[in-house]
Structures are given as structure tokens and as C-alpha cells.
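Okay, coords-v7.cif is below, mmCIF, C-alpha atoms:
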```cif
data_data
#
loop_
_atom_site.group_PDB
_atom_site.id
_atom_site.type_symbol
_atom_site.label_atom_id
_atom_site.label_comp_id
_atom_site.auth_asym_id
_atom_site.auth_seq_id
_atom_site.Cartn_x
_atom_site.Cartn_y
_atom_site.Cartn_z
ATOM 1 C CA MET Q 21 24.311 -12.444 -27.403
ATOM 2 C CA ARG Q 22 24.367 -15.988 -26.121
ATOM 3 C CA LEU Q 23 24.138 -16.915 -22.490
ATOM 4 C CA GLN Q 24 25.473 -20.207 -21.243
ATOM 5 C CA ILE Q 25 22.951 -22.956 -20.678
ATOM 6 C CA SER Q 26 23.408 -22.806 -16.906
ATOM 7 C CA THR Q 27 22.732 -19.056 -16.934
ATOM 8 C CA ARG Q 28 19.590 -19.417 -18.990
ATOM 9 C CA LEU Q 29 18.411 -22.247 -16.817
ATOM 10 C CA ALA Q 30 19.073 -20.241 -13.671
ATOM 11 C CA ILE Q 31 17.013 -17.320 -15.024
ATOM 12 C CA PHE Q 32 14.170 -19.632 -15.983
ATOM 13 C CA ALA Q 33 14.289 -21.286 -12.567
ATOM 14 C CA VAL Q 34 14.172 -17.942 -10.770
ATOM 15 C CA LEU Q 35 11.239 -16.878 -12.925
ATOM 16 C CA GLU Q 36 9.458 -20.100 -11.994
ATOM 17 C CA LEU Q 37 10.132 -19.557 -8.298
ATOM 18 C CA THR Q 38 8.937 -15.952 -8.394
ATOM 19 C CA ALA Q 39 5.784 -16.813 -10.321
ATOM 20 C CA ARG Q 40 4.381 -18.233 -7.076
ATOM 21 C CA GLU Q 41 6.574 -17.190 -4.212
ATOM 22 C CA ASP Q 42 4.354 -18.830 -1.631
ATOM 23 C CA HIS Q 43 5.059 -22.268 -3.087
ATOM 24 C CA GLN Q 44 8.044 -24.572 -3.063
ATOM 25 C CA HIS Q 45 9.031 -25.670 -6.534
ATOM 26 C CA SER Q 46 10.664 -29.007 -7.180
ATOM 27 C CA VAL Q 47 13.701 -29.358 -9.369
ATOM 28 C CA ALA Q 48 11.984 -32.174 -11.235
ATOM 29 C CA LYS Q 49 9.003 -30.020 -12.152
ATOM 30 C CA ILE Q 50 11.075 -27.070 -13.326
ATOM 31 C CA GLY Q 51 13.420 -29.390 -15.184
ATOM 32 C CA ALA Q 52 10.501 -31.067 -16.931
ATOM 33 C CA LYS Q 53 9.122 -27.739 -18.131
ATOM 34 C CA TYR Q 54 12.391 -26.720 -19.737
ATOM 35 C CA GLY Q 55 13.457 -30.172 -20.825
ATOM 36 C CA VAL Q 56 16.628 -30.434 -18.766
ATOM 37 C CA SER Q 57 17.817 -33.071 -16.385
ATOM 38 C CA SER Q 58 17.169 -32.699 -12.691
ATOM 39 C CA HIS Q 59 20.837 -33.343 -12.165
ATOM 40 C CA HIS Q 60 21.869 -30.301 -14.212
ATOM 41 C CA LEU Q 61 19.226 -28.121 -12.648
ATOM 42 C CA ALA Q 62 20.216 -29.251 -9.142
ATOM 43 C CA LYS Q 63 23.747 -28.019 -9.799
ATOM 44 C CA VAL Q 64 22.394 -24.663 -10.926
ATOM 45 C CA MET Q 65 20.170 -24.406 -7.871
ATOM 46 C CA HIS Q 66 23.091 -25.263 -5.645
ATOM 47 C CA VAL Q 67 25.079 -22.327 -7.030
ATOM 48 C CA MET Q 68 22.130 -19.992 -6.535
ATOM 49 C CA GLY Q 69 21.562 -21.347 -3.053
ATOM 50 C CA HIS Q 70 25.170 -20.665 -2.197
ATOM 51 C CA ALA Q 71 24.687 -17.086 -3.423
ATOM 52 C CA GLY Q 72 21.570 -16.676 -1.286
ATOM 53 C CA LEU Q 73 19.184 -16.310 -4.205
ATOM 54 C CA VAL Q 74 17.214 -19.468 -3.417
ATOM 55 C CA HIS Q 75 16.803 -21.706 -0.444
ATOM 56 C CA SER Q 76 15.676 -25.271 -0.254
ATOM 57 C CA VAL Q 77 12.895 -26.626 1.869
ATOM 58 C CA ARG Q 78 13.355 -30.231 2.837
ATOM 59 C CA GLY Q 79 10.771 -32.912 3.444
ATOM 60 C CA ALA Q 80 7.560 -33.937 1.777
ATOM 61 C CA GLY Q 81 6.348 -31.206 -0.554
ATOM 62 C CA GLY Q 82 9.721 -29.586 -0.269
ATOM 63 C CA GLY Q 83 11.560 -27.822 -3.010
ATOM 64 C CA TYR Q 84 13.047 -24.428 -3.659
ATOM 65 C CA ARG Q 85 11.919 -20.907 -2.903
ATOM 66 C CA PHE Q 86 13.274 -17.621 -4.128
ATOM 67 C CA ALA Q 87 15.168 -15.964 -1.301
ATOM 68 C CA GLY Q 88 16.209 -12.711 -2.962
ATOM 69 C CA ASN Q 89 14.411 -9.448 -3.622
ATOM 70 C CA ALA Q 90 12.789 -9.717 -7.033
ATOM 71 C CA ARG Q 91 12.735 -5.945 -7.395
ATOM 72 C CA ARG Q 92 16.408 -5.635 -6.687
ATOM 73 C CA THR Q 93 17.894 -8.749 -8.259
ATOM 74 C CA THR Q 94 18.798 -8.235 -11.900
ATOM 75 C CA LEU Q 95 19.451 -10.653 -14.705
ATOM 76 C CA LEU Q 96 23.095 -9.629 -14.457
ATOM 77 C CA ASP Q 97 23.194 -10.693 -10.799
ATOM 78 C CA VAL Q 98 22.019 -14.148 -11.824
ATOM 79 C CA ALA Q 99 24.174 -14.406 -14.939
ATOM 80 C CA GLU Q 100 27.370 -13.460 -13.162
ATOM 81 C CA LEU Q 101 26.998 -16.475 -10.912
ATOM 82 C CA PHE Q 102 27.655 -18.655 -13.925
ATOM 83 C CA GLU Q 103 29.784 -16.706 -16.379
ATOM 84 C CA ASP Q 104 32.118 -13.786 -16.649
ATOM 85 C CA LEU Q 105 30.378 -11.007 -18.575
ATOM 86 C CA SER Q 106 32.958 -8.341 -17.931
ATOM 87 C CA SER Q 107 34.721 -6.693 -20.838
ATOM 88 C CA VAL Q 108 38.200 -7.924 -21.556
ATOM 89 C CA GLU Q 109 40.559 -4.987 -21.606
ATOM 90 C CA GLN Q 110 43.267 -6.622 -23.645
ATOM 91 C CA ASP Q 111 44.420 -10.112 -24.294
ATOM 92 C CA THR Q 112 48.056 -10.968 -24.057
ATOM 93 C CA GLY Q 113 48.207 -12.426 -27.568
ATOM 94 C CA THR Q 114 50.162 -10.860 -30.371
ATOM 95 C CA VAL Q 115 47.069 -10.059 -32.406
ATOM 96 C CA ASP Q 116 45.508 -7.949 -29.665
ATOM 97 C CA ALA Q 117 48.711 -5.950 -29.345
ATOM 98 C CA THR Q 118 48.312 -4.616 -32.877
ATOM 99 C CA SER Q 119 46.380 -1.419 -33.554
ATOM 100 C CA GLU Q 120 43.882 -3.512 -35.541
ATOM 101 C CA GLY Q 121 43.441 -5.843 -32.617
ATOM 102 C CA GLN Q 122 42.941 -2.931 -30.243
ATOM 103 C CA ALA Q 123 40.399 -1.317 -32.562
ATOM 104 C CA LEU Q 124 38.445 -4.550 -32.716
ATOM 105 C CA ARG Q 125 38.693 -4.888 -28.939
ATOM 106 C CA GLU Q 126 37.217 -1.405 -28.531
ATOM 107 C CA VAL Q 127 34.197 -2.379 -30.642
ATOM 108 C CA LEU Q 128 33.737 -5.669 -28.797
ATOM 109 C CA ASN Q 129 33.988 -3.910 -25.455
ATOM 110 C CA GLU Q 130 31.227 -1.543 -26.562
ATOM 111 C CA ILE Q 131 29.019 -4.543 -27.301
ATOM 112 C CA ASP Q 132 29.873 -6.093 -23.931
ATOM 113 C CA ASP Q 133 29.113 -2.854 -22.109
ATOM 114 C CA ILE Q 134 25.699 -2.575 -23.730
ATOM 115 C CA ALA Q 135 24.931 -6.201 -22.931
ATOM 116 C CA ARG Q 136 25.921 -5.714 -19.314
ATOM 117 C CA ALA Q 137 23.855 -2.539 -19.031
ATOM 118 C CA THR Q 138 20.835 -4.319 -20.467
ATOM 119 C CA LEU Q 139 21.100 -7.316 -18.154
ATOM 120 C CA GLY Q 140 21.844 -5.043 -15.209
ATOM 121 C CA SER Q 141 18.772 -2.904 -15.810
ATOM 122 C CA ILE Q 142 16.180 -5.672 -15.847
ATOM 123 C CA THR Q 143 15.089 -7.032 -12.505
ATOM 124 C CA ILE Q 144 13.406 -10.353 -11.936
ATOM 125 C CA ALA Q 145 10.197 -8.443 -11.168
ATOM 126 C CA THR Q 146 10.455 -6.647 -14.497
ATOM 127 C CA MET Q 147 11.117 -9.950 -16.233
ATOM 128 C CA ARG Q 148 8.007 -11.400 -14.641
ATOM 129 C CA LYS Q 149 5.991 -8.533 -16.111
ATOM 130 C CA LEU Q 150 7.482 -9.330 -19.514
ATOM 131 C CA VAL Q 151 6.695 -13.011 -19.090
ATOM 132 C CA ASP Q 152 3.127 -12.194 -18.097
ATOM 133 C CA ARG Q 153 2.756 -9.882 -21.063
ATOM 134 C CA HIS Q 154 3.825 -12.640 -23.410
ATOM 135 C CA GLY Q 155 1.640 -15.111 -21.591
ATOM 136 C CA THR Q 156 -1.405 -12.945 -22.141
ATOM 137 C CA GLY Q 157 -0.667 -12.338 -25.796
ATOM 138 C CA GLY Q 158 0.985 -8.963 -25.329
ATOM 139 C CA ARG Q 159 1.825 -6.750 -28.214
ATOM 140 C CA ARG Q 160 5.562 -7.365 -28.236
ATOM 141 C CA ARG Q 161 6.806 -10.597 -29.681
ATOM 142 C CA LEU Q 162 10.212 -11.874 -28.798
ATOM 143 C CA LYS Q 163 12.229 -14.314 -30.788
ATOM 144 C CA PRO Q 164 11.518 -17.843 -29.608
ATOM 145 C CA ALA Q 165 13.415 -18.512 -26.403
ATOM 146 C CA VAL Q 166 14.357 -21.931 -27.704
ATOM 147 C CA PRO Q 167 16.446 -22.082 -30.847
ATOM 148 C CA ARG Q 168 14.947 -24.702 -33.137
ATOM 149 C CA GLN Q 169 18.154 -26.647 -33.522
ATOM 150 C CA ARG Q 170 18.328 -27.106 -29.756
ATOM 151 C CA LYS Q 171 14.823 -28.423 -29.407
ATOM 152 C CA GLN Q 172 15.883 -31.398 -27.347
ATOM 153 C CA ARG Q 173 17.234 -29.322 -24.502
ATOM 154 C CA ARG Q 174 14.548 -26.674 -24.824
ATOM 155 C CA LEU Q 175 16.831 -23.996 -23.514
ATOM 156 C CA MET D 17 13.011 8.155 -8.940
ATOM 157 C CA THR D 18 10.825 5.416 -7.633
ATOM 158 C CA LEU D 19 10.532 1.750 -8.267
ATOM 159 C CA ALA D 20 7.133 1.181 -6.726
ATOM 160 C CA LYS D 21 3.544 1.529 -7.839
ATOM 161 C CA GLY D 22 2.248 2.030 -4.360
ATOM 162 C CA LEU D 23 -0.388 4.625 -5.112
ATOM 163 C CA ASN D 24 -3.211 4.950 -7.529
ATOM 164 C CA SER D 25 -2.447 6.668 -10.758
ATOM 165 C CA LEU D 26 -3.685 10.175 -11.332
ATOM 166 C CA VAL D 27 -5.826 11.909 -13.834
ATOM 167 C CA THR D 28 -4.161 15.061 -15.029
ATOM 168 C CA ASP D 29 -5.865 18.005 -16.566
ATOM 169 C CA THR D 30 -3.655 19.743 -19.066
ATOM 170 C CA ASN D 31 -5.161 23.103 -18.164
ATOM 171 C CA GLY D 32 -3.443 22.991 -14.838
ATOM 172 C CA ARG D 33 -6.090 21.346 -12.704
ATOM 173 C CA ALA D 34 -5.572 17.869 -11.394
ATOM 174 C CA THR D 35 -8.683 15.789 -11.276
ATOM 175 C CA LYS D 36 -9.448 14.444 -7.837
ATOM 176 C CA THR D 37 -8.863 10.749 -7.436
ATOM 177 C CA GLY D 38 -8.235 8.472 -4.507
ATOM 178 C CA ALA D 39 -4.510 8.944 -4.885
ATOM 179 C CA ALA D 40 -2.354 10.605 -2.260
ATOM 180 C CA VAL D 41 -0.484 12.687 -4.812
ATOM 181 C CA ARG D 42 -1.666 14.656 -7.779
ATOM 182 C CA VAL D 43 0.138 15.613 -10.938
ATOM 183 C CA ARG D 44 -0.433 18.977 -12.574
ATOM 184 C CA ARG D 45 1.231 21.482 -14.817
ATOM 185 C CA VAL D 46 4.116 23.402 -13.336
ATOM 186 C CA ARG D 47 3.562 26.924 -11.974
ATOM 187 C CA PRO D 48 6.097 29.707 -11.477
ATOM 188 C CA ALA D 49 6.073 29.143 -7.719
ATOM 189 C CA ASP D 50 7.143 25.521 -8.247
ATOM 190 C CA ILE D 51 10.444 26.344 -9.910
ATOM 191 C CA PRO D 52 12.430 26.968 -6.704
ATOM 192 C CA HIS D 53 11.243 23.539 -5.481
ATOM 193 C CA VAL D 54 12.209 21.964 -8.803
ATOM 194 C CA ILE D 55 15.655 23.547 -8.552
ATOM 195 C CA ALA D 56 15.996 22.365 -4.965
ATOM 196 C CA ILE D 57 15.074 18.757 -5.796
ATOM 197 C CA ASP D 58 17.397 18.692 -8.773
ATOM 198 C CA THR D 59 20.208 20.140 -6.684
ATOM 199 C CA ARG D 60 19.683 17.531 -3.976
ATOM 200 C CA VAL D 61 19.675 14.732 -6.560
ATOM 201 C CA THR D 62 22.534 15.874 -8.784
ATOM 202 C CA SER D 63 24.549 18.022 -6.342
ATOM 203 C CA LEU D 64 24.787 20.512 -9.198
ATOM 204 C CA PRO D 65 22.717 23.714 -8.851
ATOM 205 C CA LYS D 66 21.271 24.743 -12.226
ATOM 206 C CA ALA D 67 18.875 27.589 -11.448
ATOM 207 C CA GLU D 68 19.371 29.335 -14.777
ATOM 208 C CA TYR D 69 18.760 26.099 -16.674
ATOM 209 C CA TRP D 70 15.500 25.305 -14.874
ATOM 210 C CA ASN D 71 14.202 28.847 -15.240
ATOM 211 C CA ASP D 72 14.885 28.546 -18.957
ATOM 212 C CA VAL D 73 13.184 25.137 -19.097
ATOM 213 C CA PHE D 74 10.167 26.693 -17.406
ATOM 214 C CA ARG D 75 10.052 29.519 -19.957
ATOM 215 C CA ARG D 76 10.271 27.068 -22.844
ATOM 216 C CA TYR D 77 8.263 24.106 -21.542
ATOM 217 C CA GLY D 78 5.991 25.604 -18.927
ATOM 218 C CA LYS D 79 4.641 28.516 -20.921
ATOM 219 C CA GLN D 80 4.871 27.892 -24.632
ATOM 220 C CA ARG D 81 3.354 25.362 -27.040
ATOM 221 C CA LEU D 82 1.660 23.599 -24.185
ATOM 222 C CA HIS D 83 -0.146 21.225 -26.525
ATOM 223 C CA GLU D 84 3.167 19.492 -27.205
ATOM 224 C CA ARG D 85 5.340 20.430 -24.227
ATOM 225 C CA PHE D 86 4.720 19.042 -20.774
ATOM 226 C CA PHE D 87 6.361 20.184 -17.570
ATOM 227 C CA LEU D 88 4.473 18.401 -14.803
ATOM 228 C CA VAL D 89 4.957 18.310 -11.057
ATOM 229 C CA ALA D 90 3.680 15.924 -8.395
ATOM 230 C CA GLU D 91 2.477 17.192 -5.065
ATOM 231 C CA LYS D 92 0.695 15.819 -2.032
ATOM 232 C CA ARG D 93 -2.984 15.949 -2.824
ATOM 233 C CA LEU D 94 -4.307 16.270 0.690
ATOM 234 C CA ASP D 95 -1.915 18.916 1.888
ATOM 235 C CA ARG D 96 -3.104 21.986 0.007
ATOM 236 C CA ALA D 97 -2.226 24.299 2.862
ATOM 237 C CA ASN D 98 1.368 23.293 2.538
ATOM 238 C CA PRO D 99 1.887 22.459 -1.124
ATOM 239 C CA ARG D 100 5.153 20.761 -1.713
ATOM 240 C CA VAL D 101 6.614 19.555 -4.977
ATOM 241 C CA LEU D 102 7.608 15.902 -4.619
ATOM 242 C CA GLY D 103 8.884 15.385 -8.117
ATOM 243 C CA PHE D 104 8.703 16.571 -11.683
ATOM 244 C CA ILE D 105 8.849 15.343 -15.252
ATOM 245 C CA VAL D 106 9.496 17.224 -18.473
ATOM 246 C CA GLY D 107 8.867 16.039 -21.998
ATOM 247 C CA GLU D 108 7.718 17.079 -25.417
ATOM 248 C CA ILE D 109 6.510 15.795 -28.734
ATOM 249 C CA ARG D 110 9.404 15.505 -31.136
ATOM 250 C CA ALA D 111 8.826 14.857 -34.788
ATOM 251 C CA TRP D 112 10.949 13.541 -37.607
ATOM 252 C CA GLU D 113 14.283 13.629 -35.849
ATOM 253 C CA PHE D 114 16.430 11.348 -37.969
ATOM 254 C CA GLY D 115 13.300 10.163 -39.710
ATOM 255 C CA SER D 116 11.432 9.221 -36.548
ATOM 256 C CA PRO D 117 7.652 9.762 -36.679
ATOM 257 C CA PRO D 118 6.318 11.986 -33.878
ATOM 258 C CA CYS D 119 6.975 10.512 -30.453
ATOM 259 C CA GLY D 120 6.936 11.632 -26.838
ATOM 260 C CA TRP D 121 10.355 12.440 -25.430
ATOM 261 C CA VAL D 122 10.980 12.470 -21.691
ATOM 262 C CA PHE D 123 14.141 14.363 -20.916
ATOM 263 C CA ALA D 124 13.853 15.000 -17.201
ATOM 264 C CA LEU D 125 12.359 13.040 -14.326
ATOM 265 C CA SER D 126 13.257 13.480 -10.703
ATOM 266 C CA VAL D 127 11.703 12.599 -7.366
ATOM 267 C CA GLU D 128 12.535 13.993 -3.961
ATOM 268 C CA PRO D 129 15.045 11.452 -2.567
ATOM 269 C CA GLY D 130 13.174 11.022 0.706
ATOM 270 C CA MET D 131 9.912 10.354 -1.127
ATOM 271 C CA ARG D 132 11.055 7.596 -3.416
ATOM 272 C CA LEU D 133 9.318 4.221 -3.472
ATOM 273 C CA HIS D 134 5.953 5.917 -3.017
ATOM 274 C CA GLY D 135 4.783 5.705 -6.610
ATOM 275 C CA ILE D 136 5.551 9.334 -7.449
ATOM 276 C CA GLY D 137 7.765 8.529 -10.432
ATOM 277 C CA CYS D 138 5.117 6.144 -11.722
ATOM 278 C CA ALA D 139 2.412 8.797 -11.326
ATOM 279 C CA LEU D 140 4.516 11.337 -13.214
ATOM 280 C CA LEU D 141 5.314 8.909 -16.016
ATOM 281 C CA ASP D 142 1.675 7.810 -16.234
ATOM 282 C CA ALA D 143 0.572 11.434 -16.409
ATOM 283 C CA ILE D 144 2.942 12.429 -19.182
ATOM 284 C CA SER D 145 2.092 9.212 -21.043
ATOM 285 C CA ARG D 146 -1.541 10.294 -21.051
ATOM 286 C CA GLU D 147 -0.573 13.713 -22.365
ATOM 287 C CA PHE D 148 1.448 12.119 -25.140
ATOM 288 C CA LYS D 149 -1.470 9.898 -26.042
ATOM 289 C CA LYS D 150 -3.786 12.893 -26.136
ATOM 290 C CA ALA D 151 -1.326 14.469 -28.536
ATOM 291 C CA ALA D 152 -1.811 11.400 -30.753
ATOM 292 C CA VAL D 153 1.622 9.851 -30.411
ATOM 293 C CA SER D 154 1.952 6.166 -29.671
ATOM 294 C CA LYS D 155 5.585 5.928 -28.651
ATOM 295 C CA MET D 156 7.450 7.358 -25.678
ATOM 296 C CA ARG D 157 11.239 7.565 -25.577
ATOM 297 C CA THR D 158 13.949 8.664 -23.231
ATOM 298 C CA MET D 159 17.720 8.379 -22.909
ATOM 299 C CA VAL D 160 19.556 7.150 -19.846
ATOM 300 C CA ALA D 161 23.250 6.714 -19.167
ATOM 301 C CA ARG D 162 24.280 3.062 -19.180
ATOM 302 C CA ASP D 163 25.655 3.337 -15.657
ATOM 303 C CA ALA D 164 22.639 5.200 -14.257
ATOM 304 C CA ARG D 165 21.245 2.136 -12.552
ATOM 305 C CA LEU D 166 18.314 3.687 -10.698
ATOM 306 C CA PRO D 167 16.599 5.416 -13.638
ATOM 307 C CA LEU D 168 17.347 2.430 -15.866
ATOM 308 C CA LEU D 169 15.696 0.055 -13.422
ATOM 309 C CA PHE D 170 12.745 2.414 -13.099
ATOM 310 C CA PHE D 171 12.108 2.857 -16.812
ATOM 311 C CA ARG D 172 12.561 -0.864 -17.402
ATOM 312 C CA SER D 173 10.072 -1.651 -14.658
ATOM 313 C CA GLU D 174 7.627 0.634 -16.460
ATOM 314 C CA GLY D 175 7.909 -1.536 -19.537
ATOM 315 C CA MET D 176 10.376 0.526 -21.549
ATOM 316 C CA MET D 177 12.730 -1.438 -23.793
ATOM 317 C CA ALA D 178 15.711 -0.548 -25.956
ATOM 318 C CA GLY D 179 14.561 1.326 -29.034
ATOM 319 C CA PRO D 180 15.717 1.151 -32.636
ATOM 320 C CA TYR D 181 18.207 4.010 -32.318
ATOM 321 C CA ILE D 182 21.777 3.958 -31.053
ATOM 322 C CA GLN D 183 23.157 7.031 -29.370
ATOM 323 C CA LEU D 184 26.564 8.012 -30.743
ATOM 324 C CA GLU D 185 29.115 10.588 -29.700
ATOM 325 C CA LYS D 186 32.717 11.655 -30.233
ATOM 326 C CA ASP D 187 35.219 13.868 -28.555
ATOM 327 C CA LEU D 188 35.561 17.252 -30.228
ATOM 328 C CA ASP D 189 39.236 18.035 -30.103
#
```

Rewrite the structure of this file - the entire thing - as C-alpha cells.
Amino acid sequence: MRLQISTRLAIFAVLELTAREDHQHSVAKIGAKYGVSSHHLAKVMHVMGHAGLVHSVRGAGGGYRFAGNARRTTLLDVAELFEDLSSVEQDTGTVDATSEGQALREVLNEIDDIARATLGSITIATMRKLVDRHGTGGRRRLKPAVPRQRKQRRL
Amino acid sequence: MTLAKGLNSLVTDTNGRATKTGAAVRVRRVRPADIPHVIAIDTRVTSLPKAEYWNDVFRRYGKQRLHERFFLVAEKRLDRANPRVLGFIVGEIRAWEFGSPPCGWVFALSVEPGMRLHGIGCALLDAISREFKKAAVSKMRTMVARDARLPLLFFRSEGMMAGPYIQLEKDLD
């Protein structure tokens, strides 16, 4: 499954903010870590701010703070701010009207449902535990978060 | 079900005694007198009374093959005069199902609704994990409905991830 760049960036930003909730985090600093422009990240933060997930603190030393409940906010909550992850019941095209098209749609919907259930079952707090486990050389190894061919953007 | 680790974990004695710790709840093996409480909790949670089922589960998991079957209950540790079951967990060692090496299977976990977020689910899961480890298995599994948000969130928060098996089903016409 591939998440859009804005979604991935939003998840990374929330993980940064929840790593030290008593601190404000600047867009520039988060952007530098993940190799994205402050401009792009600012747009992402704006969307999350509008949704009440983060709030900005102005002035010297200002930045963003996480404003949600890390034990209640799931990856799906964040992702749905940026993309539609719902299953498509049926397209209007001719192909999807065929029995073959409907059979394929059923399989794809199953995949979508599993993806949604997975994202909806992992809270930001749980993600932080996963991050910490990887940071301390935990047993599980995930695939690299950054596909090699997209090194420049580091997302 | 609980989402918090608010209390210390417990040390459970498989012979039915719970070792004293600083925790406010203790986890021990189920006793016959606990079954009405188990039925009551399950009924409150599922709105579906299943007395016959739980009595059968007790016969099979609370009395037999106790080295590989674990029916544990959590109760308030400091209130021995008024023992009250706050939650329960049931699991067993399953071996070679579809080629799977022996693993611990959790097939029931429930916490009194009014006592959630007090670390009881965590204590129960910790306790059965220890029993599984004592039985020399290194993997614990369970199955949760995709739309069962609360247990999914709980098991995820306890570090459980999707396993290598896919559950399949079909309608039997």
C-alpha cells in the first residue's frame, strides 16, 4: 500500500510532535529531518491544524504542538485528512459493470478494508512505541521507510 | 478491555496462587465460584448471555491439561473480603495448526466495562504471556474482527502485529 506524500509527512510530523509533547517543534526542523520543503510541510500542518490535531505557537521559539489525544488518534484519522481511503463500491465505467469487473472490485475492496482496519487500529501512541523499538534496535525490522529511488525527498 | 498500563504487572502462580506484588489487582487461575462473575461480565459486554458456553469453557480450560490451557481472572488484590472478578482471559497452546509451530492462542479477553483503563487487560495479557513463555512457546496469537476497534487498539498497543496467516471464510449454503 502506498500513502500519499502529504499523508506520510503528516504522520511523521505527528510522531515528531508527540516524541516531546512539552516542546514546540518548528516546521523547518521537521522538514530538514525528512528532507522536505518547509513550504510543503506548512501546508500539511495547516490541514492538521484545521482538524484540531496540532496547534501553532507564535513568537520566538514558537512552532507546533500536538493537540490531539495520542492514545485515541489513529493513523487512519491522520491519513483521511489527506486522502480518501474508503472502498469504492462500483465505478460507473463499462468494465466495472461486467461480472469480471465486479469480481476484481470485490478483491480490491477486501484489500482496502484490511488496509483501513490496520491504519484504524494503530494509534499515534502505539506508533511511538514502534518507533522507539526500532530506535533501540528492537527485534522487528521494517522495510526502509524511504524507498531508495526517492532518496531526494526522503519520504 | 483496557488501553492503559496504569498498574504494575502481576506475578501469577499457575497453581492458583497469585504472588503478592505492589499491584492493586492480582491475576490467578479461575475457580468454580468465579464462573457466574465471568458470565455476568461477558453478558454485560456482549449483551448475549452464554452461561452454558462459559461453564463448558471452565470444564475444558479451567480443569484439564492446565499445563497448556489457561483460564485466568483478575481481581482486586486488597479486597479479599469481597472478591470480585474484574476481567478474565482464556488461552491455550496450539500446535501445528496449518503447519504452525506451537504458539499461545488467546481466544477470550474481557474486562468489566466500568473498570477499563485501569491496566486490568494489560495485567491479564501479561499474565498469560508469562504462562505461554513457561510452556516454552515464543509466539502469542489472537484473532479480532476488523471492525472491533477497542480490542484491536488494545492488542496493537500491546505490541501485537498482523501475523503471517489470513483468516478465510465462506457462506455455507

Original post:
Can you tell me, as a ChimeraX atom specification, what residues are no more than 12 Å from segment 47-55 of chain D when counting all atoms listed in the file, ignoring any on the same chain fewer than 6 positions away?
Top reply: /D:31-33,61-75,77-79,86-91,99-106,124-128

Run the PyMOL selection byres ((chain Q) within 7 of (chain D)) on the file and write out the hits as a PDB file with C-alpha atoms, keeping the file's coordinate frame.
```pdb
ATOM      1  CA  ALA Q 137      23.855  -2.539 -19.031  1.00  0.00           C
ATOM      2  CA  SER Q 141      18.772  -2.904 -15.810  1.00  0.00           C
ATOM      3  CA  ILE Q 142      16.180  -5.672 -15.847  1.00  0.00           C
ATOM      4  CA  THR Q 146      10.455  -6.647 -14.497  1.00  0.00           C
TER       5      THR Q 146
END
```

**OP:** Decode the PyMOL selection byres ((chain D and resi 182) around 12) for the given file into explicit residues and return them as a list in words.
**Re:**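 Evaluating the PyMOL selection byres ((chain D and resi 182) around 12) on this file yields Glu130, Ile131 and Ile134 of chain Q; Phe114, Met159, Val160, Ala178, Gly179, Pro180, Tyr181, Gln183, Leu184 and Glu185 of chain D.
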
**OP:** Step by step, work through what the PyMOL selection byres ((chain Q and resi 96) around 7) selects in the shown file, and finish by giving those residues as number ranges by chain.
**Re:** Q: 94-95, 97-100, 136, 139-140

Serialized selection, C-alpha atoms, as a PDB file, keeping the file's coordinate frame:
```
ATOM      1  CA  THR Q  94      18.798  -8.235 -11.900  1.00  0.00           C
ATOM      2  CA  LEU Q  95      19.451 -10.653 -14.705  1.00  0.00           C
ATOM      3  CA  ASP Q  97      23.194 -10.693 -10.799  1.00  0.00           C
ATOM      4  CA  VAL Q  98      22.019 -14.148 -11.824  1.00  0.00           C
ATOM      5  CA  ALA Q  99      24.174 -14.406 -14.939  1.00  0.00           C
ATOM      6  CA  GLU Q 100      27.370 -13.460 -13.162  1.00  0.00           C
ATOM      7  CA  ARG Q 136      25.921  -5.714 -19.314  1.00  0.00           C
ATOM      8  CA  LEU Q 139      21.100  -7.316 -18.154  1.00  0.00           C
ATOM      9  CA  GLY Q 140      21.844  -5.043 -15.209  1.00  0.00           C
TER      10      GLY Q 140
END
```

**OP:** Figure out the distance between atom CA of Glu36 of chain Q and atom CA of Met147 of chain Q, please, to one decimal in Å.
**Re:**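 Atom CA of Glu36 of chain Q lies 11.1 Å from atom CA of Met147 of chain Q.
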
**OP:** Quick one: everything within 8 Å of segment 57-73 of chain Q, counting all atoms listed in the file, minus sequence neighbours fewer than 2 positions away in the same chain. Send it as a PyMOL selection string.
**Re:** chain Q and resi 26+29-30+47-48+51-52+55+75-76+86-88+98+101

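Coordinates place atom CA of Ala39 of chain Q at a distance of 13.2 Å from atom CA of Asn89 of chain Q.
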
**OP:** Taking the point (-2.6, 13.4, -26.5) as given in the file, collect each protein or nucleic acid residue that comes within 12 Å of it, counting all atoms listed in the file, and present the set as a PyMOL selection string.
**Re:** chain D and resi 28-30+82-86+108-109+118-120+143-156

Subject >> atom CA of Gly135 of chain D to atom CA of Arg45 of chain D, distance in Å rounded to a single decimal >> reply: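 Separating atom CA of Gly135 of chain D from atom CA of Arg45 of chain D is a distance of 18.1 Å.
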
Would you mind completing segment 100-111 of chain D to N, CA and C atoms and writing the output as a compact mmCIF listing (two decimals), in the frame of the given file?
```txt
# COMPACT_ATOMS: atom_id res chain seq x y z
N ARG D 100 3.74 21.07 -1.64
CA ARG D 100 5.15 20.76 -1.71
C ARG D 100 5.39 19.90 -2.95
N VAL D 101 6.31 20.32 -3.77
CA VAL D 101 6.61 19.56 -4.98
C VAL D 101 7.43 18.33 -4.57
N LEU D 102 6.94 17.16 -4.97
CA LEU D 102 7.61 15.90 -4.62
C LEU D 102 8.43 15.35 -5.77
N GLY D 103 8.15 15.87 -6.95
CA GLY D 103 8.88 15.38 -8.12
C GLY D 103 8.39 16.09 -9.36
N PHE D 104 9.11 15.92 -10.44
CA PHE D 104 8.70 16.57 -11.68
C PHE D 104 9.14 15.74 -12.88
N ILE D 105 8.50 16.01 -13.99
CA ILE D 105 8.85 15.34 -15.25
C ILE D 105 8.70 16.36 -16.38
N VAL D 106 9.57 16.30 -17.34
CA VAL D 106 9.50 17.22 -18.47
C VAL D 106 9.64 16.42 -19.76
N GLY D 107 8.78 16.72 -20.71
CA GLY D 107 8.87 16.04 -22.00
C GLY D 107 8.18 16.84 -23.08
N GLU D 108 8.32 16.37 -24.29
CA GLU D 108 7.72 17.08 -25.42
C GLU D 108 7.50 16.12 -26.57
N ILE D 109 6.68 16.56 -27.51
CA ILE D 109 6.51 15.80 -28.73
C ILE D 109 7.62 16.20 -29.69
N ARG D 110 8.37 15.23 -30.15
CA ARG D 110 9.40 15.50 -31.14
C ARG D 110 9.04 14.77 -32.42
N ALA D 111 9.25 15.45 -33.52
CA ALA D 111 8.83 14.86 -34.79
C ALA D 111 9.95 14.84 -35.81
```
